[in-house]
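*Asks:* Attaching a single structure in C-alpha cells format; questions to follow.
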Amino acid sequence: MSADHQTSHAALPSGVQNHIPAGVQRFTPSSPLHLRSGEQLREAVIAYQSWGSLNAAGDNVIWVCHALTGTSDVENWWPALFGPGRALDPDQYFIVCANVLGGCYGSAGPLTHGAGSFPTISISDIVAHQRQLAEYLGIRSIALMLGGSMGGFQALEWLVQAPHKVRKLALVACADSQPAQAIALSHLQMQQVIRDPLYQAGFYGDAPPLEGLSLARQIGHLSYRCDTELGARFAREQRDDGVYQVLSYLQHQGSKLVRRFDANSYLRLNQAMIDFSVVEHRAQLNAFPGDVLVVGIDSDWLYPWHEQVKLADYFPHGRSIRIHSDFGHDGFLLDAERFEPALRALLGQSTELLACA
Ligand code: COA
C-alpha cells in the first residue's frame, strides 16, 4: 500500500471542498475495495486525521467513528472529550478518525467516484475501508473503539470484522440496528431528496437538489432534538412575518446543511444505516472479552434508552449508563462532558465510578 498525496480537493465542487477539515491527510490503498454489493471500488481514497503518536507496540490507539454528516475532525465536534487529561488525550494516545466511505469530506464517495453511479455501500464496507487505513498506519491493537450515533454502528461492525484488534468498546446513543421509527425517518428523508426534480437520478452536477436535501435535514434535525427543548425554546412563537420560530429554526438547519453536504452522500449513508444490523452476530459479540460501555441519553427518542440496555446485554462485560440531556439525540455531542469521566474510567485513567448518570 502506498500513501497518495496527489488526490486533489480541486476535483470537488467549491461549496463542499471549503468544508473539508484543514488537518486532513489522505491515503489511497493500492488494492481495490471489494464492496458487499459485489462491486469493486478502485482508488478509494481515505481522508483521516490523527493526533498524538503511535507507540512502538502499535497499541496505544483510540479509533473514533463519526456520525452521519460528521467529519474526521473529532477535536472540533467532540471538544469535551478531547485534550490533555481528558479521555481523548493525544499525550497518551494515538487518536484516529477517518471520514467515512461514501461521505463528502475527503474520502471516496459520490463526489469523487461517479456521482449517481456511486455504488450502494454498507457499514461493513465503511469499516473494511477503515481497516485498510489501520493496516497502513501500522496499528496492531486498538485500546478503545469509540463511536456515537452512526459512529456507533461502525464501532460495532469493527468488532464483527476484527474482534482481535479491539480491546475496549464505547458506544454512544446508538443501537444494534435502526429501530423501526428511525428506519421510517431515514426513508422519509431520502424520499425528499429523490423526489426533488433537480435530483436527476443523482447526476445533478452543479445544480444539486437543495430543496429536497434541506427538507431531509429538517426531518433529521427534528429527530435529533426533543419536544421539551423545542417547547421551552420556541413554544408557539412566530416571527414578524408569521413563520413559526420552530420552523424558522429547522429551515436554518436545512440551509446550513446544503452548504456543506452532498445529496448523493446523504442518500448512500442513510441507506447504509437502514441496512445495518448486528443482530445476527450476537454470539460473536457475546464472545468479546473486553469491557464495553454503552451510553444512552434520557431525552433521545431516536435511539431510546431501552435500545442501549439491549445493546449492553450483547456483551459479557457490557454496561450501560444513562446521562441527562435537554437536547435529545444531539446530547451525544452537546452534553459529552457528562460521559467523559465514564470513558476515562473505561480506559483505566480514572478511579471515578462509571455511574456518572
Ligand atoms: N430561526 C432561525 N434560526 C435560528 C432560530 C430561529 N428561530 N433559533 C436559532 N437559530 C439558529 C441560530 O442562529 C444558530 O445559527 P448558526 O448555527 O448559523 O450560528 C443555530 O440556529 C443554532 O442551532 P442550535 O441547534 O441551537 O445549536 P446547538 O448548539 O444547540 O447545536 C449542533 C449545535 C451542531 C449540535 C446542531 O446544530 C446540529 O447540527 N445538530 C445535528 C448534528 C447531527 O448531525 N447529529 C446527529 C447525527 S446522526
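Here's how to read the names in the C-alpha cells: chain A, B, ... by the order shown, residue numbers from 1 in each chain, ligand numbers from 1 in the order shown.
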What residues in range 104-269 of chain A get the DSSP label helix (DSSP H, G or I)? Please answer as a PyMOL selection string.
*Replies:* chain A and resi 115-117+123-137+150-161+163-165+180-194+200-202+210-224+227-234+245-258+263-269
*Asks:* Could you save those same residues with C-alpha atoms as a compact mmCIF listing (two decimals), in the first residue's frame?
*Replies:*
# COMPACT_ATOMS: atom_id res chain seq x y z
CA ALA A 115 -21.95 10.86 -8.60
CA GLY A 116 -25.26 8.99 -9.10
CA SER A 117 -23.44 5.85 -10.21
CA ILE A 123 -21.48 -0.04 7.23
CA SER A 124 -19.46 -3.19 6.63
CA ASP A 125 -17.82 -1.55 3.58
CA ILE A 126 -17.11 1.62 5.56
CA VAL A 127 -15.28 -0.42 8.21
CA ALA A 128 -13.42 -2.55 5.64
CA HIS A 129 -12.20 0.75 4.17
CA GLN A 130 -11.07 1.98 7.62
CA ARG A 131 -9.26 -1.29 8.25
CA GLN A 132 -7.11 -0.64 5.18
CA LEU A 133 -6.08 2.63 6.81
CA ALA A 134 -5.38 0.97 10.17
CA GLU A 135 -3.09 -1.51 8.43
CA TYR A 136 -1.31 1.27 6.54
CA LEU A 137 -0.75 3.21 9.78
CA MET A 150 -23.89 6.20 13.08
CA GLY A 151 -20.35 6.08 14.51
CA GLY A 152 -21.63 3.51 16.99
CA PHE A 153 -22.75 1.29 14.10
CA GLN A 154 -19.21 1.41 12.70
CA ALA A 155 -17.68 0.67 16.10
CA LEU A 156 -19.93 -2.40 16.44
CA GLU A 157 -19.03 -3.53 12.94
CA TRP A 158 -15.32 -3.28 13.83
CA LEU A 159 -15.97 -5.88 16.49
CA VAL A 160 -17.68 -8.13 13.97
CA GLN A 161 -14.86 -7.85 11.42
CA PRO A 163 -12.57 -8.54 17.27
CA HIS A 164 -8.91 -9.43 17.89
CA LYS A 165 -7.88 -5.85 17.05
CA ALA A 180 -38.43 0.87 13.08
CA GLN A 181 -39.11 4.54 13.75
CA ALA A 182 -35.56 5.51 12.74
CA ILE A 183 -35.84 3.46 9.53
CA ALA A 184 -39.03 5.33 8.69
CA LEU A 185 -37.44 8.70 9.38
CA SER A 186 -34.36 7.87 7.29
CA HIS A 187 -36.56 6.67 4.45
CA LEU A 188 -38.69 9.83 4.53
CA GLN A 189 -35.53 11.92 4.40
CA MET A 190 -34.27 10.02 1.39
CA GLN A 191 -37.58 10.49 -0.39
CA GLN A 192 -37.30 14.28 -0.01
CA VAL A 193 -34.02 14.20 -1.94
CA ILE A 194 -35.11 11.69 -4.58
CA GLN A 200 -31.88 13.68 -11.78
CA ALA A 201 -31.03 10.17 -10.58
CA GLY A 202 -28.00 11.62 -8.78
CA LEU A 210 -31.05 21.75 -2.43
CA GLU A 211 -34.72 21.93 -1.51
CA GLY A 212 -35.03 18.16 -1.09
CA LEU A 213 -31.81 17.93 0.89
CA SER A 214 -32.85 20.82 3.11
CA LEU A 215 -36.22 19.20 3.85
CA ALA A 216 -34.44 15.92 4.56
CA ARG A 217 -32.16 17.61 7.06
CA GLN A 218 -35.10 19.33 8.71
CA ILE A 219 -36.74 15.95 9.33
CA GLY A 220 -33.41 14.57 10.53
CA HIS A 221 -32.69 17.54 12.76
CA LEU A 222 -36.12 17.29 14.36
CA SER A 223 -35.31 13.69 15.26
CA TYR A 224 -32.03 14.82 16.86
CA ASP A 227 -40.18 18.03 22.49
CA THR A 228 -39.21 19.59 25.83
CA GLU A 229 -36.31 21.55 24.35
CA LEU A 230 -38.25 22.80 21.34
CA GLY A 231 -41.25 23.66 23.53
CA ALA A 232 -39.17 25.62 26.03
CA ARG A 233 -37.24 27.36 23.28
CA PHE A 234 -39.88 28.22 20.71
CA GLN A 245 -39.95 30.14 15.13
CA VAL A 246 -39.57 26.36 15.37
CA LEU A 247 -39.96 26.13 11.58
CA SER A 248 -37.63 29.06 11.07
CA TYR A 249 -35.07 27.19 13.18
CA LEU A 250 -35.44 23.97 11.19
CA GLN A 251 -35.22 25.85 7.89
CA HIS A 252 -32.00 27.42 9.12
CA GLN A 253 -30.58 23.97 9.92
CA GLY A 254 -31.61 22.74 6.45
CA SER A 255 -29.98 25.73 4.77
CA LYS A 256 -26.77 25.16 6.70
CA LEU A 257 -26.51 21.52 5.70
CA VAL A 258 -26.98 22.08 1.97
CA ALA A 263 -27.09 14.86 -1.60
CA ASN A 264 -25.80 11.57 -3.04
CA SER A 265 -23.67 11.03 0.08
CA TYR A 266 -26.73 11.72 2.22
CA LEU A 267 -28.64 9.00 0.35
CA ARG A 268 -25.85 6.40 0.45
CA LEU A 269 -25.18 6.86 4.16
*Asks:* When you draw a straight line from CA of Asn76 in chain A to CA of Leu171 in chain A, how long is it in Å?
*Replies:*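 Spanning CA of Asn76 in chain A to CA of Leu171 in chain A is a straight-line distance of 19.1 Å.
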*Asks:* Please provide as a VMD selection string all residues within 8 Å of Arg167 in chain A, with the sequence filter that same-chain residues fewer than 3 positions apart are discarded (counting only C-alpha atoms).
*Replies:* chain A and resid 141 to 145 164 289 to 291
*Asks:* Using the selection just defined, write its residues with N, CA, C and O atoms as a PDB file, in the first residue's frame.
*Replies:*
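The new file result12.pdb reads:
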ATOM      1  N   SER A 141      -3.176  -2.947  17.576  1.00  0.00           N
ATOM      2  CA  SER A 141      -4.266  -3.195  18.515  1.00  0.00           C
ATOM      3  C   SER A 141      -4.874  -1.848  18.917  1.00  0.00           C
ATOM      4  O   SER A 141      -4.149  -0.864  19.103  1.00  0.00           O
ATOM      5  N   ILE A 142      -6.199  -1.821  19.059  1.00  0.00           N
ATOM      6  CA  ILE A 142      -6.906  -0.574  19.364  1.00  0.00           C
ATOM      7  C   ILE A 142      -7.366  -0.616  20.825  1.00  0.00           C
ATOM      8  O   ILE A 142      -8.131  -1.504  21.225  1.00  0.00           O
ATOM      9  N   ALA A 143      -6.859   0.335  21.619  1.00  0.00           N
ATOM     10  CA  ALA A 143      -7.190   0.350  23.049  1.00  0.00           C
ATOM     11  C   ALA A 143      -8.670   0.641  23.259  1.00  0.00           C
ATOM     12  O   ALA A 143      -9.316   0.060  24.132  1.00  0.00           O
ATOM     13  N   LEU A 144      -9.203   1.574  22.463  1.00  0.00           N
ATOM     14  CA  LEU A 144     -10.617   1.926  22.589  1.00  0.00           C
ATOM     15  C   LEU A 144     -11.191   2.252  21.218  1.00  0.00           C
ATOM     16  O   LEU A 144     -10.648   3.083  20.485  1.00  0.00           O
ATOM     17  N   MET A 145     -12.266   1.568  20.903  1.00  0.00           N
ATOM     18  CA  MET A 145     -13.039   1.864  19.696  1.00  0.00           C
ATOM     19  C   MET A 145     -14.265   2.646  20.168  1.00  0.00           C
ATOM     20  O   MET A 145     -15.015   2.175  21.025  1.00  0.00           O
ATOM     21  N   HIS A 164     -10.252  -9.282  17.310  1.00  0.00           N
ATOM     22  CA  HIS A 164      -8.912  -9.427  17.892  1.00  0.00           C
ATOM     23  C   HIS A 164      -8.145  -8.108  17.911  1.00  0.00           C
ATOM     24  O   HIS A 164      -7.149  -7.967  18.606  1.00  0.00           O
ATOM     25  N   PRO A 289     -14.051 -10.381  24.895  1.00  0.00           N
ATOM     26  CA  PRO A 289     -13.594 -10.409  26.289  1.00  0.00           C
ATOM     27  C   PRO A 289     -13.423  -9.031  26.930  1.00  0.00           C
ATOM     28  O   PRO A 289     -13.262  -8.928  28.141  1.00  0.00           O
ATOM     29  N   GLY A 290     -13.451  -7.974  26.131  1.00  0.00           N
ATOM     30  CA  GLY A 290     -13.138  -6.635  26.647  1.00  0.00           C
ATOM     31  C   GLY A 290     -14.321  -5.946  27.313  1.00  0.00           C
ATOM     32  O   GLY A 290     -15.468  -6.377  27.212  1.00  0.00           O
ATOM     33  N   ASP A 291     -13.999  -4.847  28.003  1.00  0.00           N
ATOM     34  CA  ASP A 291     -15.050  -4.039  28.631  1.00  0.00           C
ATOM     35  C   ASP A 291     -15.772  -3.206  27.576  1.00  0.00           C
ATOM     36  O   ASP A 291     -15.141  -2.661  26.661  1.00  0.00           O
TER      37      ASP A 291
END
*Asks:* With a distance cut-off of 10 Å and only C-alpha atoms, select the neighbouring residues of Ser122 in chain A, excluding the residue or stretch itself and same-chain residues fewer than 5 positions from it, and output the selection as an MDAnalysis selection string.
*Replies:* chainID A and resid 35:37 101:102 127:128 154 268:276
*Asks:* Nearest to ligand 1: which of A:Ser72, A:Gln92, A:Asn55, A:Gln238 is it, counting only C-alpha atoms and all ligand atoms?
*Replies:*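 Among the listed residues, A:Gln238 lies closest to ligand 1.
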*Asks:* Considering only C-alpha atoms, can you say which of A:Gln25, A:Ser149, A:Thr112, A:Ser177 comes closest to Cys65 in chain A?
*Replies:*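 That would be A:Ser149, the residue with the smallest distance to Cys65 in chain A.
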*Asks:* Quick one: residues within 9 Å of Ala87 in chain A, only C-alpha atoms, excluding same-chain residues fewer than 2 positions away - as an NGL selection string?
*Replies:* :A and (81-85 or 89 or 340-345 or 347 or 349)
*Asks:* Output all heavy atoms for every residue in that selection, as a tab-separated table (two decimals), in the first residue's frame.
*Replies:*
chain	number	residue	atom	x	y	z
A	81	LEU	N	-14.47	15.87	25.01
A	81	LEU	CA	-13.75	14.61	25.26
A	81	LEU	C	-12.26	14.75	25.01
A	81	LEU	O	-11.48	13.87	25.36
A	81	LEU	CB	-14.27	13.50	24.33
A	81	LEU	CG	-15.76	13.17	24.34
A	81	LEU	CD1	-16.03	11.94	23.47
A	81	LEU	CD2	-16.25	12.93	25.76
A	82	PHE	N	-11.88	15.86	24.38
A	82	PHE	CA	-10.56	15.96	23.75
A	82	PHE	C	-9.59	16.83	24.53
A	82	PHE	O	-9.95	17.88	25.03
A	82	PHE	CB	-10.75	16.56	22.34
A	82	PHE	CG	-9.68	16.18	21.38
A	82	PHE	CD1	-9.87	15.12	20.50
A	82	PHE	CD2	-8.46	16.83	21.38
A	82	PHE	CE1	-8.88	14.73	19.63
A	82	PHE	CE2	-7.45	16.45	20.51
A	82	PHE	CZ	-7.67	15.41	19.63
A	83	GLY	N	-8.34	16.39	24.61
A	83	GLY	CA	-7.29	17.24	25.16
A	83	GLY	C	-6.58	16.58	26.34
A	83	GLY	O	-7.01	15.56	26.86
A	84	PRO	N	-5.46	17.17	26.78
A	84	PRO	CA	-4.68	16.62	27.88
A	84	PRO	C	-5.55	16.43	29.13
A	84	PRO	O	-6.30	17.31	29.51
A	84	PRO	CB	-3.60	17.69	28.13
A	84	PRO	CG	-3.50	18.40	26.81
A	84	PRO	CD	-4.86	18.37	26.20
A	85	GLY	N	-5.44	15.24	29.72
A	85	GLY	CA	-6.20	14.94	30.94
A	85	GLY	C	-7.61	14.45	30.66
A	85	GLY	O	-8.30	13.99	31.56
A	89	ASP	N	-6.86	11.90	24.96
A	89	ASP	CA	-5.66	12.66	25.34
A	89	ASP	C	-4.52	12.34	24.37
A	89	ASP	O	-3.93	11.25	24.43
A	89	ASP	CB	-5.27	12.26	26.77
A	89	ASP	CG	-4.06	13.04	27.27
A	89	ASP	OD1	-3.40	13.71	26.46
A	89	ASP	OD2	-3.78	12.96	28.48
A	340	GLU	N	-17.81	11.90	29.69
A	340	GLU	CA	-16.35	11.87	29.55
A	340	GLU	C	-15.67	11.15	30.71
A	340	GLU	O	-14.76	10.32	30.51
A	340	GLU	CB	-15.83	13.32	29.39
A	340	GLU	CG	-14.37	13.43	29.01
A	340	GLU	CD	-13.42	13.40	30.19
A	340	GLU	OE1	-13.88	13.73	31.33
A	340	GLU	OE2	-12.26	13.04	30.02
A	341	PRO	N	-16.11	11.37	31.98
A	341	PRO	CA	-15.46	10.64	33.09
A	341	PRO	C	-15.63	9.13	32.94
A	341	PRO	O	-14.73	8.37	33.31
A	341	PRO	CB	-16.18	11.15	34.34
A	341	PRO	CG	-16.79	12.46	33.94
A	341	PRO	CD	-17.12	12.33	32.48
A	342	ALA	N	-16.78	8.70	32.43
A	342	ALA	CA	-17.01	7.26	32.26
A	342	ALA	C	-16.07	6.67	31.20
A	342	ALA	O	-15.62	5.53	31.33
A	342	ALA	CB	-18.46	7.00	31.88
A	343	LEU	N	-15.76	7.45	30.19
A	343	LEU	CA	-14.80	6.99	29.17
A	343	LEU	C	-13.40	6.85	29.78
A	343	LEU	O	-12.68	5.89	29.52
A	343	LEU	CB	-14.75	7.96	27.99
A	343	LEU	CG	-15.96	7.96	27.05
A	343	LEU	CD1	-15.79	9.06	26.00
A	343	LEU	CD2	-16.13	6.61	26.38
A	344	ARG	N	-13.05	7.84	30.62
A	344	ARG	CA	-11.73	7.75	31.28
A	344	ARG	C	-11.67	6.54	32.19
A	344	ARG	O	-10.66	5.85	32.27
A	344	ARG	CB	-11.44	9.03	32.07
A	344	ARG	CG	-10.49	9.94	31.34
A	344	ARG	CD	-10.09	11.15	32.16
A	344	ARG	NE	-11.23	12.00	32.44
A	344	ARG	CZ	-11.61	12.38	33.66
A	344	ARG	NH1	-10.94	11.99	34.72
A	344	ARG	NH2	-12.65	13.17	33.82
A	345	ALA	N	-12.77	6.28	32.89
A	345	ALA	CA	-12.80	5.09	33.77
A	345	ALA	C	-12.67	3.82	32.94
A	345	ALA	O	-11.95	2.89	33.32
A	345	ALA	CB	-14.10	5.09	34.57
A	347	LEU	N	-11.10	3.48	30.22
A	347	LEU	CA	-9.71	3.38	29.77
A	347	LEU	C	-8.75	3.08	30.92
A	347	LEU	O	-7.55	2.87	30.70
A	347	LEU	CB	-9.29	4.71	29.12
A	347	LEU	CG	-9.80	4.95	27.70
A	347	LEU	CD1	-9.74	6.42	27.35
A	347	LEU	CD2	-8.99	4.13	26.70
A	349	GLN	N	-8.09	5.27	33.22
A	349	GLN	CA	-7.38	6.53	33.52
A	349	GLN	C	-7.95	7.22	34.76
A	349	GLN	O	-7.47	8.26	35.15
A	349	GLN	CB	-7.52	7.50	32.34
A	349	GLN	CG	-6.99	6.99	31.03
A	349	GLN	CD	-5.50	6.71	31.10
A	349	GLN	OE1	-4.77	7.43	31.76
A	349	GLN	NE2	-5.06	5.67	30.44
